[in-house]
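Reproduced below: query.txt, with compact mmCIF, C-alpha atoms and all ligand atoms.
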# COMPACT_ATOMS: atom_id res chain seq x y z
CA MET A 11 -120.82 5.17 -20.50
CA ARG A 12 -117.88 4.24 -22.70
CA ILE A 13 -114.64 2.73 -21.32
CA LEU A 14 -111.28 2.05 -22.96
CA GLY A 15 -109.62 -1.17 -21.72
CA ILE A 16 -105.96 -2.06 -22.16
CA GLU A 17 -104.56 -5.58 -21.66
CA GLY A 18 -100.97 -6.83 -21.93
CA THR A 19 -100.12 -9.15 -19.02
CA ALA A 20 -98.19 -11.69 -21.11
CA TRP A 21 -98.86 -12.36 -24.80
CA ALA A 22 -101.93 -10.41 -25.97
CA ALA A 23 -101.48 -6.70 -26.69
CA SER A 24 -105.13 -5.76 -26.66
CA ALA A 25 -107.33 -2.70 -26.41
CA ALA A 26 -111.12 -2.59 -26.25
CA VAL A 27 -114.09 -0.30 -25.99
CA PHE A 28 -116.99 -1.27 -23.73
CA GLU A 29 -120.12 0.85 -24.09
CA THR A 30 -123.42 0.72 -22.25
CA ASP A 31 -126.51 2.95 -22.42
CA ASP A 32 -127.54 1.77 -18.97
CA PRO A 33 -124.72 2.46 -16.49
CA ASP A 34 -127.15 2.09 -13.57
CA ALA A 35 -127.40 -1.61 -14.41
CA LEU A 36 -123.70 -1.97 -13.57
CA ARG A 37 -124.36 -0.92 -9.97
CA SER A 38 -126.02 -3.21 -7.47
CA GLY A 39 -129.05 -1.97 -5.59
CA THR A 40 -130.48 0.03 -8.51
CA GLY A 41 -133.03 -2.64 -9.36
CA ARG A 42 -131.56 -2.97 -12.84
CA THR A 43 -129.55 -5.84 -14.31
CA PRO A 44 -127.03 -5.60 -17.17
CA ASP A 45 -128.16 -6.60 -20.65
CA PRO A 46 -125.02 -7.94 -22.39
CA ALA A 47 -126.90 -8.22 -25.70
CA ALA A 48 -127.53 -4.45 -25.65
CA ASP A 49 -124.04 -3.45 -24.51
CA HIS A 50 -121.32 -2.98 -27.13
CA VAL A 51 -117.79 -4.44 -27.01
CA PHE A 52 -115.07 -3.82 -29.59
CA ILE A 53 -111.72 -5.64 -29.19
CA GLU A 54 -108.49 -5.11 -31.14
CA SER A 55 -105.65 -7.55 -30.32
CA ASP A 56 -102.14 -8.22 -31.55
CA PRO A 57 -100.67 -11.46 -30.14
CA TYR A 58 -96.99 -12.06 -29.44
CA GLN A 59 -95.81 -15.28 -31.10
CA PRO A 60 -92.38 -16.55 -29.96
CA ASP A 61 -90.12 -17.81 -32.79
CA SER A 62 -89.07 -20.72 -30.57
CA GLY A 63 -89.68 -21.95 -27.02
CA GLY A 64 -92.22 -20.34 -24.71
CA ILE A 65 -92.92 -16.71 -23.83
CA HIS A 66 -89.64 -14.78 -23.36
CA PRO A 67 -90.39 -11.85 -20.99
CA ARG A 68 -87.99 -9.46 -22.79
CA GLU A 69 -89.37 -10.30 -26.25
CA ALA A 70 -92.95 -10.07 -24.93
CA ALA A 71 -92.21 -6.61 -23.51
CA GLU A 72 -90.69 -5.51 -26.83
CA HIS A 73 -93.88 -6.69 -28.53
CA MET A 74 -96.02 -4.73 -26.04
CA GLY A 75 -93.89 -1.63 -26.61
CA SER A 76 -94.76 -1.53 -30.30
CA ALA A 77 -98.20 -3.21 -30.34
CA VAL A 78 -99.95 -1.56 -27.37
CA PRO A 79 -99.86 1.99 -28.85
CA GLU A 80 -101.24 0.63 -32.13
CA VAL A 81 -104.16 -1.31 -30.63
CA VAL A 82 -104.97 1.61 -28.32
CA GLU A 83 -105.06 3.98 -31.27
CA THR A 84 -107.42 1.66 -33.17
CA ALA A 85 -109.71 1.35 -30.14
CA LEU A 86 -109.76 5.11 -29.60
CA GLU A 87 -110.63 5.65 -33.28
CA HIS A 88 -113.52 3.21 -32.79
CA ALA A 89 -114.65 5.10 -29.67
CA ALA A 90 -114.43 8.42 -31.52
CA ALA A 91 -116.60 7.08 -34.33
CA ARG A 92 -119.34 6.22 -31.79
CA HIS A 93 -119.02 9.49 -29.90
CA ASP A 94 -121.63 12.10 -30.73
CA GLY A 95 -121.34 14.78 -28.10
CA ASP A 96 -118.90 17.06 -26.36
CA GLY A 97 -116.24 15.88 -23.97
CA PRO A 98 -113.77 13.01 -24.07
CA VAL A 99 -114.40 10.00 -26.33
CA VAL A 100 -114.24 7.64 -23.33
CA ASP A 101 -115.31 8.15 -19.71
CA GLY A 102 -112.44 6.17 -18.18
CA VAL A 103 -109.36 4.10 -18.97
CA ALA A 104 -109.14 0.60 -17.45
CA PHE A 105 -105.91 -1.40 -17.54
CA SER A 106 -104.59 -4.76 -16.36
CA ARG A 107 -102.64 -3.98 -13.21
CA GLY A 108 -101.57 -7.60 -12.66
CA PRO A 109 -100.87 -10.45 -12.28
CA GLY A 110 -98.52 -10.82 -15.21
CA LEU A 111 -95.01 -10.21 -16.49
CA GLY A 112 -93.58 -7.06 -14.89
CA PRO A 113 -91.97 -5.56 -18.03
CA CYS A 114 -95.21 -6.03 -20.00
CA LEU A 115 -97.42 -4.64 -17.22
CA ARG A 116 -95.28 -1.52 -16.94
CA ILE A 117 -95.85 -0.73 -20.63
CA VAL A 118 -99.61 -1.21 -20.22
CA GLY A 119 -99.62 0.99 -17.10
CA THR A 120 -97.69 3.74 -18.86
CA ALA A 121 -100.05 3.67 -21.84
CA ALA A 122 -103.14 3.81 -19.61
CA ARG A 123 -101.83 6.70 -17.49
CA SER A 124 -100.88 8.65 -20.56
CA VAL A 125 -104.30 8.25 -22.27
CA ALA A 126 -106.21 8.96 -19.03
CA GLN A 127 -104.20 12.12 -18.37
CA THR A 128 -104.42 13.31 -21.97
CA LEU A 129 -108.21 12.90 -22.01
CA ASP A 130 -108.55 13.97 -18.36
CA VAL A 131 -110.65 10.94 -17.42
CA PRO A 132 -110.38 8.52 -14.45
CA LEU A 133 -107.97 5.60 -14.37
CA LEU A 134 -109.31 2.15 -13.38
CA GLY A 135 -106.84 -0.50 -12.13
CA VAL A 136 -108.21 -3.96 -12.94
CA ASN A 137 -107.10 -7.31 -11.55
CA HIS A 138 -106.73 -9.53 -14.62
CA MET A 139 -107.97 -12.72 -12.90
CA VAL A 140 -111.03 -10.99 -11.42
CA ALA A 141 -111.75 -9.70 -14.94
CA HIS A 142 -111.69 -13.32 -16.24
CA LEU A 143 -114.37 -14.12 -13.61
CA GLU A 144 -116.48 -10.99 -14.01
CA ILE A 145 -116.88 -11.27 -17.79
CA GLY A 146 -118.52 -14.67 -17.25
CA ARG A 147 -120.71 -13.33 -14.43
CA TYR A 148 -121.80 -10.32 -16.52
CA GLN A 149 -122.56 -12.35 -19.67
CA SER A 150 -124.31 -15.24 -17.88
CA GLY A 151 -126.39 -13.06 -15.59
CA PHE A 152 -125.46 -15.46 -12.77
CA ASP A 153 -125.79 -13.96 -9.34
CA SER A 154 -122.88 -15.32 -7.35
CA PRO A 155 -121.06 -18.07 -9.25
CA VAL A 156 -117.96 -20.04 -8.40
CA CYS A 157 -115.37 -19.40 -11.11
CA LEU A 158 -112.79 -21.82 -12.48
CA ASN A 159 -110.00 -19.76 -14.01
CA ALA A 160 -108.02 -22.13 -16.26
CA SER A 161 -105.45 -19.96 -17.99
CA GLY A 162 -101.82 -20.05 -19.03
CA ALA A 163 -100.17 -18.82 -15.85
CA ASN A 164 -102.96 -19.61 -13.39
CA ALA A 165 -105.41 -22.28 -12.28
CA HIS A 166 -107.74 -21.59 -9.37
CA LEU A 167 -111.31 -21.61 -8.07
CA LEU A 168 -112.78 -18.33 -6.87
CA GLY A 169 -115.89 -17.72 -4.80
CA TYR A 170 -117.31 -14.47 -3.40
CA HIS A 171 -117.54 -13.99 0.34
CA ASN A 172 -117.72 -10.88 2.45
CA GLY A 173 -116.50 -8.32 -0.06
CA ARG A 174 -113.77 -10.33 -1.79
CA TYR A 175 -113.24 -13.16 -4.25
CA ARG A 176 -111.68 -15.87 -2.08
CA VAL A 177 -109.28 -18.43 -3.56
CA LEU A 178 -111.03 -21.71 -2.75
CA GLY A 179 -108.39 -23.91 -4.37
CA GLU A 180 -105.43 -23.47 -6.67
CA THR A 181 -102.45 -25.03 -8.37
CA MET A 182 -99.50 -25.71 -6.12
CA ASP A 183 -97.04 -25.22 -8.99
CA THR A 184 -97.56 -24.06 -12.59
CA GLY A 185 -100.66 -22.72 -14.32
CA VAL A 186 -102.59 -25.30 -16.35
CA GLY A 187 -101.84 -23.81 -19.80
CA ASN A 188 -98.15 -23.39 -18.97
CA ALA A 189 -98.03 -27.06 -17.95
CA LEU A 190 -99.48 -28.15 -21.31
CA ASP A 191 -97.12 -25.76 -23.13
CA LYS A 192 -94.09 -27.26 -21.33
CA PHE A 193 -95.04 -30.73 -22.54
CA THR A 194 -95.54 -29.58 -26.14
CA ARG A 195 -92.17 -27.78 -26.12
CA HIS A 196 -90.62 -31.08 -25.01
CA VAL A 197 -92.03 -32.84 -28.07
CA GLY A 198 -90.89 -29.99 -30.35
CA TRP A 199 -94.16 -28.18 -31.00
CA THR A 200 -94.38 -24.39 -31.25
CA HIS A 201 -96.10 -22.15 -28.68
CA PRO A 202 -98.94 -22.15 -27.72
CA GLY A 203 -99.22 -25.89 -27.16
CA GLY A 204 -102.73 -26.12 -25.67
CA PRO A 205 -104.63 -26.03 -28.99
CA LYS A 206 -102.22 -28.62 -30.44
CA VAL A 207 -102.84 -30.93 -27.47
CA GLU A 208 -106.58 -30.63 -28.13
CA ALA A 209 -106.19 -31.41 -31.84
CA ALA A 210 -103.82 -34.35 -31.26
CA ALA A 211 -105.97 -35.83 -28.45
CA ALA A 212 -108.80 -36.36 -30.95
CA ASP A 213 -106.70 -39.13 -32.58
CA GLY A 214 -105.27 -40.56 -29.36
CA ASP A 215 -106.04 -43.40 -26.97
CA TYR A 216 -106.01 -42.58 -23.26
CA VAL A 217 -102.74 -43.18 -21.40
CA GLU A 218 -102.80 -43.25 -17.59
CA LEU A 219 -100.88 -40.39 -15.92
CA PRO A 220 -100.56 -39.27 -12.25
CA TYR A 221 -103.65 -37.58 -10.82
CA VAL A 222 -102.79 -35.12 -8.03
CA VAL A 223 -105.55 -33.40 -6.07
CA LYS A 224 -104.92 -32.55 -2.40
CA GLY A 225 -108.05 -31.18 -0.76
CA MET A 226 -108.92 -28.12 -2.80
CA ASP A 227 -105.48 -27.76 -4.38
CA PHE A 228 -103.85 -29.59 -7.26
CA SER A 229 -100.47 -30.05 -8.90
CA PHE A 230 -99.34 -30.42 -12.49
CA SER A 231 -95.57 -30.92 -12.21
CA GLY A 232 -95.68 -34.72 -11.64
CA ILE A 233 -98.09 -35.33 -14.49
CA MET A 234 -95.94 -33.25 -16.87
CA SER A 235 -92.77 -35.17 -15.92
CA ALA A 236 -94.63 -38.45 -16.46
CA ALA A 237 -95.97 -37.22 -19.83
CA LYS A 238 -92.45 -36.27 -20.96
CA ASP A 239 -91.13 -39.68 -19.81
CA GLU A 240 -93.89 -41.40 -21.84
CA ALA A 241 -92.87 -39.39 -24.94
CA ASP A 242 -89.19 -40.27 -24.41
CA ALA A 243 -90.17 -43.95 -24.07
CA GLY A 244 -91.90 -43.86 -27.46
CA THR A 245 -95.57 -43.72 -26.46
CA PRO A 246 -97.47 -42.05 -29.35
CA VAL A 247 -97.84 -38.34 -28.60
CA PRO A 248 -101.59 -38.23 -29.48
CA ASP A 249 -102.16 -40.94 -26.83
CA ILE A 250 -100.29 -38.86 -24.24
CA CYS A 251 -102.33 -35.79 -25.24
CA ALA A 252 -105.55 -37.77 -24.69
CA GLY A 253 -104.27 -38.87 -21.27
CA LEU A 254 -103.25 -35.31 -20.40
CA GLN A 255 -106.64 -33.84 -21.26
CA GLU A 256 -108.62 -36.50 -19.40
CA THR A 257 -106.43 -36.36 -16.30
CA VAL A 258 -105.81 -32.61 -15.98
CA PHE A 259 -109.39 -31.65 -16.75
CA ALA A 260 -110.80 -34.33 -14.42
CA MET A 261 -108.67 -32.80 -11.64
CA LEU A 262 -110.09 -29.34 -12.39
CA ALA A 263 -113.65 -30.69 -12.61
CA GLU A 264 -113.27 -32.52 -9.27
CA VAL A 265 -112.15 -29.38 -7.44
CA ALA A 266 -114.78 -27.26 -9.21
CA GLU A 267 -117.45 -29.70 -8.04
CA ARG A 268 -116.15 -29.60 -4.48
CA ALA A 269 -116.15 -25.78 -4.60
CA LEU A 270 -119.81 -25.81 -5.67
CA SER A 271 -120.64 -28.25 -2.92
CA LEU A 272 -118.78 -26.39 -0.15
CA THR A 273 -120.18 -22.97 -1.08
CA GLY A 274 -123.71 -24.26 -1.72
CA THR A 275 -123.67 -22.39 -5.05
CA ASP A 276 -125.36 -23.80 -8.14
CA GLU A 277 -123.60 -21.59 -10.72
CA LEU A 278 -120.19 -22.18 -12.31
CA VAL A 279 -118.44 -19.88 -14.78
CA LEU A 280 -115.27 -20.64 -16.67
CA GLY A 281 -112.46 -18.18 -17.40
CA GLY A 282 -109.03 -18.25 -19.06
CA GLY A 283 -107.47 -19.39 -22.33
CA VAL A 284 -107.57 -23.13 -21.55
CA GLY A 285 -111.34 -22.71 -21.34
CA GLN A 286 -111.29 -22.65 -25.15
CA ASN A 287 -110.78 -26.43 -24.96
CA ALA A 288 -114.03 -28.20 -25.90
CA ARG A 289 -113.26 -31.28 -23.79
CA LEU A 290 -112.79 -29.17 -20.64
CA ARG A 291 -116.08 -27.39 -21.26
CA GLU A 292 -117.81 -30.73 -21.92
CA MET A 293 -116.55 -32.24 -18.65
CA LEU A 294 -117.57 -29.19 -16.61
CA ALA A 295 -120.98 -29.00 -18.28
CA GLU A 296 -121.56 -32.69 -17.56
CA MET A 297 -120.51 -32.33 -13.92
CA CYS A 298 -122.84 -29.34 -13.47
CA ASP A 299 -125.67 -31.15 -15.22
CA GLN A 300 -125.34 -34.14 -12.89
CA ARG A 301 -125.67 -31.98 -9.78
CA GLY A 302 -128.35 -29.65 -11.17
CA ALA A 303 -126.03 -26.63 -11.40
CA LYS A 304 -125.83 -24.06 -14.20
CA PHE A 305 -122.64 -23.71 -16.24
CA TYR A 306 -121.49 -20.79 -18.40
CA ALA A 307 -118.40 -20.46 -20.58
CA PRO A 308 -117.86 -17.15 -22.43
CA GLU A 309 -117.12 -17.28 -26.15
CA PRO A 310 -113.39 -17.80 -26.98
CA ARG A 311 -112.55 -14.13 -27.57
CA PHE A 312 -113.56 -13.42 -23.95
CA LEU A 313 -111.82 -16.53 -22.53
CA ARG A 314 -108.27 -15.94 -23.76
CA ASP A 315 -106.52 -12.76 -22.63
CA ASN A 316 -108.46 -9.80 -24.05
CA ALA A 317 -109.07 -6.16 -23.22
CA GLY A 318 -112.86 -6.56 -23.53
CA MET A 319 -113.06 -8.12 -20.07
CA ILE A 320 -110.80 -5.35 -18.70
CA ALA A 321 -113.02 -2.61 -20.15
CA ALA A 322 -116.22 -4.32 -18.96
CA LEU A 323 -114.97 -4.61 -15.36
CA GLY A 324 -113.55 -1.08 -15.58
CA ALA A 325 -117.07 0.15 -16.36
CA ARG A 326 -118.43 -1.52 -13.21
CA MET A 327 -115.60 -0.03 -11.16
CA LEU A 328 -116.28 3.45 -12.54
CA ALA A 329 -119.99 3.07 -11.77
CA ALA A 330 -118.96 2.24 -8.18
CA GLY A 331 -116.57 5.21 -7.99
CA ASP A 332 -113.59 2.84 -7.67
CA THR A 333 -111.00 4.92 -9.53
CA LEU A 334 -107.23 4.94 -9.11
CA ALA A 335 -105.03 7.99 -8.56
CA VAL A 336 -102.16 8.16 -11.04
CA GLU A 337 -99.59 8.40 -8.24
CA GLU A 338 -100.92 5.13 -6.77
CA SER A 339 -101.21 3.27 -10.05
CA THR A 340 -98.09 1.08 -9.92
CA VAL A 341 -98.55 -2.35 -11.48
CA ASP A 342 -98.24 -5.59 -9.46
CA PRO A 343 -96.93 -8.77 -11.17
CA ASN A 344 -98.19 -10.85 -8.19
CA PHE A 345 -101.61 -9.16 -7.79
CA ARG A 346 -103.83 -11.88 -6.31
CA PRO A 347 -107.59 -11.82 -6.84
CA ASP A 348 -108.26 -11.94 -3.08
CA GLN A 349 -106.37 -8.64 -2.63
CA VAL A 350 -109.15 -6.81 -4.49
CA ALA A 351 -111.88 -5.06 -2.50
CA VAL A 352 -114.97 -5.81 -4.63
CA THR A 353 -116.54 -2.37 -4.61
CA TRP A 354 -119.01 -3.00 -7.43
CA ARG A 355 -121.12 -5.60 -5.59
CA GLY A 356 -123.61 -4.64 -2.92
CA ALA A 357 -122.59 -4.69 0.76
CA ASP A 358 -125.51 -7.03 1.48
CA GLU A 359 -124.29 -9.72 -0.96
CA SER A 360 -122.73 -12.77 0.68
P1 LIG B 401 -103.32 -15.58 -17.49
O1 LIG B 401 -104.74 -15.23 -17.78
O2 LIG B 401 -103.14 -16.45 -16.31
O3 LIG B 401 -102.44 -14.38 -17.45
P2 LIG B 401 -102.14 -16.26 -20.08
O4 LIG B 401 -101.65 -14.87 -20.14
O5 LIG B 401 -101.13 -17.30 -20.36
O6 LIG B 401 -102.86 -16.52 -18.71
P3 LIG B 401 -104.59 -17.07 -21.55
O7 LIG B 401 -104.96 -16.44 -22.84
O8 LIG B 401 -105.61 -17.02 -20.47
O9 LIG B 401 -103.24 -16.37 -21.19
O10 LIG B 401 -104.23 -18.60 -21.79
C1 LIG B 401 -103.25 -19.00 -22.68
C2 LIG B 401 -103.07 -20.50 -22.49
O11 LIG B 401 -104.21 -21.18 -23.01
C3 LIG B 401 -101.85 -21.06 -23.19
O12 LIG B 401 -101.13 -21.82 -22.25
C4 LIG B 401 -102.45 -21.96 -24.28
O13 LIG B 401 -101.67 -23.10 -24.57
C5 LIG B 401 -103.77 -22.36 -23.64
N1 LIG B 401 -104.78 -22.77 -24.62
C6 LIG B 401 -105.26 -22.05 -25.66
N2 LIG B 401 -106.15 -22.78 -26.37
C7 LIG B 401 -106.24 -23.99 -25.75
C8 LIG B 401 -106.97 -25.19 -26.02
N3 LIG B 401 -107.81 -25.28 -27.05
N4 LIG B 401 -106.79 -26.23 -25.17
C9 LIG B 401 -105.96 -26.16 -24.12
N5 LIG B 401 -105.24 -25.06 -23.83
C10 LIG B 401 -105.37 -23.99 -24.64
The structure given in the file should be rewritten as structure tokens.
Ligand code: ATP
Amino acid sequence: MRILGIEGTAWAASAAVFETDDPDALRSGTGRTPDPAADHVFIESDPYQPDSGGIHPREAAEHMGSAVPEVVETALEHAAARHDGDGPVVDGVAFSRGPGLGPCLRIVGTAARSVAQTLDVPLLGVNHMVAHLEIGRYQSGFDSPVCLNASGANAHLLGYHNGRYRVLGETMDTGVGNALDKFTRHVGWTHPGGPKVEAAAADGDYVELPYVVKGMDFSFSGIMSAAKDEADAGTPVPDICAGLQETVFAMLAEVAERALSLTGTDELVLGGGVGQNARLREMLAEMCDQRGAKFYAPEPRFLRDNAGMIAALGARMLAAGDTLAVEESTVDPNFRPDQVAVTWRGADES
């Protein structure tokens, strides 16, 4: 089975090819388990880089309009080079249906419908946040992990129960990456700010900032205001970056630990672009180690937005017969992970 994936929820115009020789392993109840080392993933991405400020939805959509056809063409050429029989070069087209920026999603949806109809293959509508979770579950081989999605526009804990990924806890305001990016814009750094916070924090001394966890939810707006005030008051920016990392990531680690405890699960996977931060991974690994849980973080190209995770989940959905009719394939900028009926896991899984 070979699947084309298309991603373009915000900044990454990306297309990928996921190929497996063992599609049965993608279905539960077949007695087979996926072998990520044997499966093949090709990813072609073209990132949008704002000249100034953060992501401008109109500029991002203009980028998608020109970059998505190009990355799709490259991915299809790759698929064609691996194709050695009759019939279409891919067996299905998976695309990010949401959440994300509406104008960008519409371009991705149009591209996916057009390729699927041209090749006469099924369309697979993927929830971007569930894809962040599932790529970690597929690569780790974990059975039923809790997932911390720490991305630009989102921050939440997901756990599987009764046919859906339930939101166990989430940010009450901005996503974690967007919060870091807002601070770095304030101090005059270009987008994206997260990697620059990580680099600067290495030379900084911890500064205390507000820590806001309420039950299973958390908030970043107060800490970002306090960080901006510190910068305006002349506190060295590397020190603030060190304080930001320690505080924000400790909040995420606390809620992740509580999610493990409440669900009784001993497996944690990480998803999202902020997961590229080594300090976050270190704190989560340490927390898991202390409670005897297993921790898995995908490699960076599968953490940040990428079409590889879309194609890989699309393959599971196709194996489960979970295809999408073109006339029902509208995109959804507010598509929550708990709206997705998880068709690709067995009915007996809890
Ligand atoms: P979503 O998946 O919610 O749609 P997104 O589209 O913004 O999010 P991602 O690629 O998941 O995209 O994450 C991008 C975010 O990751 C940006 O906010 C960026 O600053 C942040 N980021 C990237 N690298 C690092 C790092 N090393 N440390 C901290 N944050 C980082």
Using only C-alpha atoms, what does the table of range 114-158 of chain A residues within 8 Å of range 70-79 of chain A look like, with each row giving the shortest atom pair and its distance in Å to one decimal, sorted by chain and ascending number, as CSV?
residue,atom,partner,partner_atom,distance
A:Cys114,CA,A:Ala71,CA,4.7
A:Ile117,CA,A:Gly75,CA,6.4
A:Val118,CA,A:Val78,CA,7.2
A:Ala121,CA,A:Pro79,CA,7.2
>> At a cut-off of 8 Å and counting all atoms listed in the file, what residues surround ligand LIG 401 (chain B)? Please answer as JSON, numbers by chain.
In response: {"A": [19, 20, 21, 22, 109, 110, 138, 139, 142, 159, 160, 161, 162, 163, 164, 165, 185, 186, 187, 188, 189, 190, 191, 201, 202, 203, 204, 205, 206, 207, 208, 209, 281, 282, 283, 284, 285, 286, 287, 288, 313, 314, 315, 316]}
With C-alpha atoms retained, write the just-selected residues as an mmCIF file, keeping the file's coordinate frame.
data_model
loop_
_atom_site.group_PDB
_atom_site.id
_atom_site.type_symbol
_atom_site.label_atom_id
_atom_site.label_comp_id
_atom_site.auth_asym_id
_atom_site.auth_seq_id
_atom_site.Cartn_x
_atom_site.Cartn_y
_atom_site.Cartn_z
ATOM 1 C CA THR A 19 -100.120 -9.150 -19.020
ATOM 2 C CA ALA A 20 -98.190 -11.690 -21.110
ATOM 3 C CA TRP A 21 -98.860 -12.360 -24.800
ATOM 4 C CA ALA A 22 -101.930 -10.410 -25.970
ATOM 5 C CA PRO A 109 -100.870 -10.450 -12.280
ATOM 6 C CA GLY A 110 -98.520 -10.820 -15.210
ATOM 7 C CA HIS A 138 -106.730 -9.530 -14.620
ATOM 8 C CA MET A 139 -107.970 -12.720 -12.900
ATOM 9 C CA HIS A 142 -111.690 -13.320 -16.240
ATOM 10 C CA ASN A 159 -110.000 -19.760 -14.010
ATOM 11 C CA ALA A 160 -108.020 -22.130 -16.260
ATOM 12 C CA SER A 161 -105.450 -19.960 -17.990
ATOM 13 C CA GLY A 162 -101.820 -20.050 -19.030
ATOM 14 C CA ALA A 163 -100.170 -18.820 -15.850
ATOM 15 C CA ASN A 164 -102.960 -19.610 -13.390
ATOM 16 C CA ALA A 165 -105.410 -22.280 -12.280
ATOM 17 C CA GLY A 185 -100.660 -22.720 -14.320
ATOM 18 C CA VAL A 186 -102.590 -25.300 -16.350
ATOM 19 C CA GLY A 187 -101.840 -23.810 -19.800
ATOM 20 C CA ASN A 188 -98.150 -23.390 -18.970
ATOM 21 C CA ALA A 189 -98.030 -27.060 -17.950
ATOM 22 C CA LEU A 190 -99.480 -28.150 -21.310
ATOM 23 C CA ASP A 191 -97.120 -25.760 -23.130
ATOM 24 C CA HIS A 201 -96.100 -22.150 -28.680
ATOM 25 C CA PRO A 202 -98.940 -22.150 -27.720
ATOM 26 C CA GLY A 203 -99.220 -25.890 -27.160
ATOM 27 C CA GLY A 204 -102.730 -26.120 -25.670
ATOM 28 C CA PRO A 205 -104.630 -26.030 -28.990
ATOM 29 C CA LYS A 206 -102.220 -28.620 -30.440
ATOM 30 C CA VAL A 207 -102.840 -30.930 -27.470
ATOM 31 C CA GLU A 208 -106.580 -30.630 -28.130
ATOM 32 C CA ALA A 209 -106.190 -31.410 -31.840
ATOM 33 C CA GLY A 281 -112.460 -18.180 -17.400
ATOM 34 C CA GLY A 282 -109.030 -18.250 -19.060
ATOM 35 C CA GLY A 283 -107.470 -19.390 -22.330
ATOM 36 C CA VAL A 284 -107.570 -23.130 -21.550
ATOM 37 C CA GLY A 285 -111.340 -22.710 -21.340
ATOM 38 C CA GLN A 286 -111.290 -22.650 -25.150
ATOM 39 C CA ASN A 287 -110.780 -26.430 -24.960
ATOM 40 C CA ALA A 288 -114.030 -28.200 -25.900
ATOM 41 C CA LEU A 313 -111.820 -16.530 -22.530
ATOM 42 C CA ARG A 314 -108.270 -15.940 -23.760
ATOM 43 C CA ASP A 315 -106.520 -12.760 -22.630
ATOM 44 C CA ASN A 316 -108.460 -9.800 -24.050
#
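In terms of minimum interatomic distance to Glu29 in chain A, A:Phe52 ranks closest within A:Phe259, A:Tyr148, A:Phe305, A:Phe52, counting only C-alpha atoms.
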Take every atom of range 332-339 of chain A listed in the file, fit an axis-aligned box around them, add 8 Å per side, and give the centre and edge lengths in Å to one decimal as lines of an AutoDock Vina configuration file.
center_x = -106.6
center_y = 5.6
center_z = -8.9
size_x = 30.0
size_y = 21.6
size_z = 20.3
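Take CA of Ile233 in chain A and CA of Gly64 in chain A: the distance between them is 19.1 Å.
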>> What's around Gly63 in chain A at 9 Å? Count only C-alpha atoms, leave out sequence neighbours fewer than 3 positions away in its own chain, and write the answer as a VMD selection string.
In response: chain A and resid 60 66 192 195 198 to 201
Write a file of the just-selected residues containing C-alpha atoms, as a PDB file, keeping the file's coordinate frame.
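Dumped everything to result-v4.pdb:
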ATOM      1  CA  PRO A  60     -92.380 -16.550 -29.960  1.00  0.00           C
ATOM      2  CA  HIS A  66     -89.640 -14.780 -23.360  1.00  0.00           C
ATOM      3  CA  LYS A 192     -94.090 -27.260 -21.330  1.00  0.00           C
ATOM      4  CA  ARG A 195     -92.170 -27.780 -26.120  1.00  0.00           C
ATOM      5  CA  GLY A 198     -90.890 -29.990 -30.350  1.00  0.00           C
ATOM      6  CA  TRP A 199     -94.160 -28.180 -31.000  1.00  0.00           C
ATOM      7  CA  THR A 200     -94.380 -24.390 -31.250  1.00  0.00           C
ATOM      8  CA  HIS A 201     -96.100 -22.150 -28.680  1.00  0.00           C
TER       9      HIS A 201
END
> range 36-40 of chain A: which residues within 10 Å, counting all atoms listed in the file, same-chain residues fewer than 2 positions away excluded, as a PyMOL selection string?
Replying inline: chain A and resi 30+32-34+42-45+148+322-323+325-330+353-359
>> Env of Leu278 in chain A: 9 Å cut, atoms = all atoms listed in the file, seq-sep filter 5 positions within chain, self excluded. Answer as a ChimeraX atom specification.
In response: /A:152,154-158,266,270,294,298,303-307
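Shortest atom-to-atom contact with Ala335 in chain A among A:Gly318, A:Gly15, A:Pro46, A:Pro132: A:Pro132, counting only C-alpha atoms.
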> To one decimal place, how far is CA of Val217 in chain A from CA of Thr181 in chain A in Å?
Replying inline: 22.3 Å
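For the atom pair formed by CA of Asp299 in chain A and CA of Leu262 in chain A, the distance is 15.9 Å, given to one decimal.
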> Could you name the residues that touch range 211-216 of chain A at 9 Å or less, counting all atoms listed in the file, but leaving out those on the same chain fewer than 3 positions away, as a PyMOL selection string?
Replying inline: chain A and resi 206-208+246-256
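Residue nearest Leu219 in chain A, chosen from A:Val258, A:Leu115, A:Met297, A:Ala126 and counting only C-alpha atoms: A:Val258.
In this comparison, which uses all atoms listed in the file, the residue of A:Pro220, A:Gly102, A:Pro113, A:Pro57 approaching Phe28 in chain A most closely is A:Gly102.
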Keeping C-alpha atoms (and nothing else), can you write range 306-319 of chain A of this structure as a compact mmCIF listing (two decimals), in the first residue's frame?
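So the final result, stored in result_1.txt, reads:
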# COMPACT_ATOMS: atom_id res chain seq x y z
CA TYR A 306 9.00 8.16 23.05
CA ALA A 307 9.69 11.29 21.01
CA PRO A 308 9.74 10.97 17.19
CA GLU A 309 12.70 12.40 15.31
CA PRO A 310 12.37 16.16 14.51
CA ARG A 311 11.10 15.74 10.94
CA PHE A 312 8.07 13.88 12.35
CA LEU A 313 7.54 16.30 15.27
CA ARG A 314 7.17 19.58 13.38
CA ASP A 315 4.33 19.84 10.87
CA ASN A 316 4.97 17.29 8.11
CA ALA A 317 2.99 15.29 5.59
CA GLY A 318 4.69 12.02 6.62
CA MET A 319 2.44 11.72 9.68
